[in-house]
Structure formats: C-alpha cells, structure tokens
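In what follows, a structure is listed as structure tokens, so that the remarks can point back to it.
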Amino acid sequence: MPPPVSRPRGRKILAILIGSVLALIAGLFAFGPMGPATAAEPAADEATLPTSDTPDFGENVKIYDSSTSADTIQKDFDAAFDAQNVSPTAQFGDQRYAFLFKPGTYDRVWANLGFYTSVAGLGQNPDDVTINGALNVDSGWNYGDTSNATQNFWRSAENLSVVPEGGTDRWAVSQAAPMRRVHIKGNLTMGPSNQDNGQGYSSGGYLADSKVDGKVSSGSQQQWYTRDSDIGGWEGGVWNMVYSGVKGAPANAFPSPPHTTLATTPVTREKPYLYVDNAGKYQVFVPALQKDSSGTSWPDTAGESIPMSRFYVAEPGDSAARINQALEQGLNLFFTPGTYQVDETIKVTRPDTVVTGIGFPTIVPEGGVTALSVADVDGVKVSGLTFDAGTTNSETLMSVGTDGEHTDHAADPTSVQDVFFRVGSSVQGKATTTLAVHSDDTLVDHIWAWRADHGGAATGWTANTGDTGLLVNGDDVLATGLFVEHYQKYEVVWNGNRGKTIFFQNEKPYDVPNQAAWMNGSQNGYAAYKVADSVTDHEVWGGGSYAFFNTDPSVKLDHSFEVPEAAGVKLHSVLTVSLGDKGTISNVVNDTGGAVPNPAGNTTPRNLVSYP
C-alpha cells in the first residue's frame, strides 16, 4: 500500500502562541512604515515548521501491512533490484529505497537487496513482523565484479523476523551493511553462493542485537563483528572474527581459529528505530544506555518513545537553513531517502536530540563546510546517515563536541551509529578528516569511513584526497565496529585517553604512486591506527589492516599499528595481510610482529596475539 498521507495534528499550546506572536511581528513588518517584507523573511505560516504523527515519508518509502498481497510486495522489490542488476551506474547512483512492514505475517517475499536499500519492521519487537522467504544478498549482480560479494555495500535490515526458505538466509554483504535487531528463525550464512574453490569472497560486516535460532556460517567473510546477540552456534572464520556480548559465540582462540571473544560489551545504546503504535501513529523508540551488556535488548527493551510530531521529517531538496530551523524549533530530525546538498553546517546544539534516517539519506556539503556538527552536550543520537565529501575540501564532514573541552558525559553519552563517510563517489570529493570526535564518552557504534578506491567519478591520489577517517580527541570514547579504509595519512588518530576499540578493519590506500610520495618523516608510510604518544591508557580487541599497493607493489609500510610504550596501552588479536602480495607491511605493531608477505605465501596474515 502507498505511504500514509500527511495529516498534521494540532500543536502544543506553547507552539501555537509562539507562532501567533511571530505572525503578528511579521505582519507589522510587512505593512508597517518599513514597507513590504523582503524575500529573505519567512512568511507567517513558515514561522513554525509543521509536524505530524502520521507523516508522509515520500515516494522512496514503501509501507506494507498484512493485507498487502505478496505479489504487490514482490513486484516492488523486484523493480528496485532489477534496475540495479549488472548496472554500470547503480553503485554510485541516486536511487534510495526503504521498505517498511507494519506488524503482521507476510507470505513468500524474496527480497533481493541492492545498493541503498533498507528493509525494516514497524513493530516494537522483531517478532511483531514475520517475513516468510528471504532477505537475500548474494554475488552475481554487481557490474564489473559479478564473481564476488566484496562490493555489496550500503544496505540494511532491522527490527523484523525471517523464516528463511530452505532453512538458511543468505546475507553476503561487505561494509556499510548492518543487520540489527533481527530474528532469523533458521540459519544465517554470510558467504555468497559461489564461495567455493577460492571464488566468491565477501568482506563485511556487522550484526548486532539479533537472534539466530540456528547456526551462523561466516563462509568467505574475511572479517566480521557480532555484538550483543544470541546465536545457535558459529562456524567458519578467515582472518578476524570478533564477538562481544554474544550468547553462543565461539570461545576466544585467536589466531587458530581466528575468534576474539569478549563476554560483554562495556557500554551500549542500541540504535533508535521507527515503529507504528496501536493507534496507527508513528513513533521513534530510543533504547536506554546499558553497561556490560550481552544478548539481545528485546523483548521489553528499556528506553523511551518519541512521537513523530516531535520530529521534522526532512526530504530531499530541503535546505540546510530549513533543517536548522527545525532544530532551533526544538525538533528532532528524521531524514527520508535521497540526497541533501547543504551549503551551511547542520548544527545540533540541544541535549538528547535524535538525528536519524532511513534508506541511506546522503548529505553532501557545498563550499567546504562541515556537513553536521554536534555540540558538546549530553545524549545526542546520530544514526542512519551517509556523508559524501563535496568537490571543495571540507576540514571535517562531521564533528562531535568542541576540541579542548572535556565534560563528563558518561551517564548520557552521544552516540554515532550506522553512519558512513565517503571521500569520492559520484563526485571527486575531498575532506581532510571525515569524523572528528571531541566529546568525552562518545559511543561510535559501526561506522565505515572510506576514501574511495573506485567511484562513479574518477578516483586517484590527487583526485579524491583525504588524510584521516577518524580523529578522537575525547577521553573515554568507545568504538564498536570501526571500519576505516584508504586514507592518505594516519587513518585513525586517537589522542584521547582511556579509549577502547572492539573490532577494527582497515585497508591501506591502493593508489600510493611510489614510496617517495608516502613518507611520514623517515618512516615508510602512515600507520592505519595511531595512538598518540601522550596516551597512557588505550585498548584494542580484534584489529586487522591490509595492504594492496597495486599501483606500485614495491611500496612499504613500516607498521599498521603505532602506539606508545605504556603499561595501560594494550592490543589483543591484531594482524596484517598483504593482499595478493601487493606491497609490504614490515611489522604489525611498532617494531613487533614480522612482515607480510610472509614466507608462508599469498595473503597469509601475520598474527599478534597481544601487545606488549
């Protein structure tokens, strides 16, 4: 069925009074001695932006209920996927889709998910929505690389249950493809159907707050992070499989097999999600903060519901000025699928503001501005957004807090979840740093910061430039599921104290033209993960860094992890790999670990169980 028509409800009395006063002031200026209002002044009816508990989410969002025929749903999924099948433009196209299911049971839906496609349930719990069939991601469809699943980016599944046809659901994804709050009533495999005999590689991924009744098979996945879930068992592992707070996870055994297992996750706050209540009104549920968590947060997830009437529903074409007006009005932000060009920074200054989106809404800064900034306040939740660098260099694409300020936010930290950054896509983007985290206690829960090695626009060493993916100046920052790739200097710089990272995946830049172009003083190249010399406490579990210097295979990197020699700085289960023996990494951490390629041969990792 089509999305509901927007029916604005009555606003609070205070909002009405404010709107009336603003309208009176506007009238005085319009007809007073100063003459007519200029075009820059808002009309009276624009002084307060409208909201609704039953908003129109736009043409890129399909909403179904249990009375919708399976044929209608299938046709919608097929139309979205078939347009991308072996398409040379789909990977960096402007198509965006969100398929939303109201509570109920849905007969045979085979949902192939392509680029920028989200599927989500609209119940309060995953089992409120049951899909019989599949959420299917496989190889064989991506133009230019049909044999692999290593470019199955930018898709998601959330807040529903699946009864998989044949007993096993296939989710052969790579980066920026989260599965959250999902109940698989069967088995789950993350390898493509052609993964045997050295074919069909996949390179993901992220699973959180989910339940798999059967086994999870990682297949050809090179690395994977699973957090706070309940699984019937796990089989497989290539280089770097990390688990925290996962009931049923394999025992810690890195590197043989390559499992790094923590019993709990130190701090979590699950991602906000959209649902529809019994009255047919939409709300966003914001889960509560948890300490030392394990297993799923559902059912009976602790937290609070925020009615959609307290959100501004942004749509493509909205200006940054209008979005900022909504924030100044005290509203939260809900971005619908599409692309947003912003010529000024979207500024979040109110504590506990929720900024979220569905269907991979993509924000592109113009003129070198920072696309989004969050003030050094408590409890802001940013999720479900993608940032594309613009053609004019931005110093940062997103910032959290103020550099130099250290306020304790431990009781109500800011969180950044399923937020993805690209330097190079359909345009030759440029950004010095993509995400800068200054606020203490911030939770960074699944990001992919990516300087593109390929794109719709040409990429190259001087074309899409970017120094650093993540800069952390805040203290007590926790990253769970950190993917940062291809930046030209240090890819992660961690200056704050007492930081923690659980799972880190990195590829060094492919396009280093020669060694002379990539020197850090007297060192060969820049480490992937740099902890500042002033840091006394820092810890990493499960970190992998890979080299593929295919432009000049003679290029060397001295080490992938660079940390100070301090008793409180500890690394667990870290490794390096030379992909196809293209380039050398001389050591894993500082001067420890040995080189890749190593004598064992092609793509064999160097593993370091602990450092020091």
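Residue numbering restarts at 1 for every chain of the structure tokens, chains are lettered A, B, ... in their displayed order, and ligands are numbered from 1 as they appear.
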
* To do: Select from segment 262-330 of chain A everything DSSP, run on the backbone, classes as helix (DSSP H, G or I), then give the selection as a VMD selection string.
  => chain A and resid 308 to 310 320 to 328

Please produce a file of the residues just selected, as a compact mmCIF listing (two decimals), in the first residue's frame, where the atoms kept are N, CA and C atoms.
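The result, written out as out.txt:
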```txt
# COMPACT_ATOMS: atom_id res chain seq x y z
N MET A 308 6.33 11.10 16.44
CA MET A 308 6.84 11.74 15.24
C MET A 308 6.49 13.22 15.17
N SER A 309 5.50 13.65 15.93
CA SER A 309 5.17 15.07 15.96
C SER A 309 6.28 15.89 16.59
N ARG A 310 7.26 15.22 17.22
CA ARG A 310 8.43 15.92 17.76
C ARG A 310 9.63 15.80 16.83
N ALA A 320 19.75 23.44 4.16
CA ALA A 320 20.33 23.39 5.49
C ALA A 320 19.68 24.41 6.40
N ALA A 321 19.30 25.57 5.85
CA ALA A 321 18.65 26.60 6.66
C ALA A 321 17.32 26.08 7.22
N ARG A 322 16.56 25.36 6.41
CA ARG A 322 15.28 24.83 6.87
C ARG A 322 15.50 23.73 7.93
N ILE A 323 16.49 22.90 7.71
CA ILE A 323 16.78 21.84 8.68
C ILE A 323 17.24 22.46 10.00
N ASN A 324 18.06 23.51 9.92
CA ASN A 324 18.48 24.19 11.15
C ASN A 324 17.32 24.89 11.83
N GLN A 325 16.38 25.39 11.04
CA GLN A 325 15.18 26.00 11.62
C GLN A 325 14.41 24.98 12.45
N ALA A 326 14.33 23.75 11.94
CA ALA A 326 13.66 22.70 12.69
C ALA A 326 14.37 22.42 14.01
N LEU A 327 15.70 22.38 13.97
CA LEU A 327 16.46 22.15 15.20
C LEU A 327 16.26 23.30 16.19
N GLU A 328 16.27 24.52 15.68
CA GLU A 328 16.06 25.68 16.55
C GLU A 328 14.64 25.68 17.14
```

* **Polymer residues at most 9 Å from segment 561-573 of chain A, only C-alpha atoms, same-chain spacing of 2 or more positions, as number ranges by chain** => A: 240, 254-255, 258-260, 498, 526-545, 559, 575, 587-590, 607-612

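When only C-alpha atoms are used to compute distances to Phe483 of chain A, the closest of the residues A:Thr226, A:Gln175, A:Thr261, A:Asn520 turns out to be A:Gln175.
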
* Quick one: residues within 10 Å of Asp213 of chain A, only C-alpha atoms counted, chain neighbours fewer than 2 positions away excluded, as a PyMOL selection string? -> chain A and resi 183-188+210-211+215-216+230-233

* Asked: Using only C-alpha atoms, which residues sit within 10 Å of segment 507-517 of chain A once same-chain residues fewer than 2 positions away are excluded, as a ChimeraX atom specification?
  -> /A:450-453,459-462,483-491,505,519-520,524-528,544-557,560,576-579,582-583

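For the pair atom CA of Val212 of chain A and atom CA of Leu262 of chain A, the separation is 18.7 Å.
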
* To do: Within 9 Å of Val354 of chain A, counting only C-alpha atoms, which residues show up once you throw out same-chain ones fewer than 6 positions away? Write them as a PyMOL selection string, please.
  => chain A and resi 272+286+311+331-334+379-383

* Asked: Do you have the atom CA of Gly594 of chain A-atom CA of Asp581 of chain A distance handy?
  -> 14.8 Å

* Write out as a ChimeraX atom specification which residues come within 9 Å of segment 335-347 of chain A when counting only C-alpha atoms, dropping same-chain ones fewer than 5 positions away. => /A:57-61,94-98,116,312-321,323-324,327,355-375,384-385

* Excluding same-chain residues fewer than 2 positions from Thr89 of chain A, what lies within 12 Å of it counting only C-alpha atoms, as a ChimeraX atom specification? -> /A:83-87,91-95,115,142-144,425-426,455-457

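Ranking A:Pro307, A:Gly481, A:Gly198, A:Pro257 by their shortest atom-to-atom distance to Trp224 of chain A, with only C-alpha atoms included, puts A:Gly481 first.
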
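The residue that comes closest to Val182 of chain A, out of A:Leu482, A:Ala120, A:Leu113, A:Met241 and on the basis of only C-alpha atoms, is A:Ala120.
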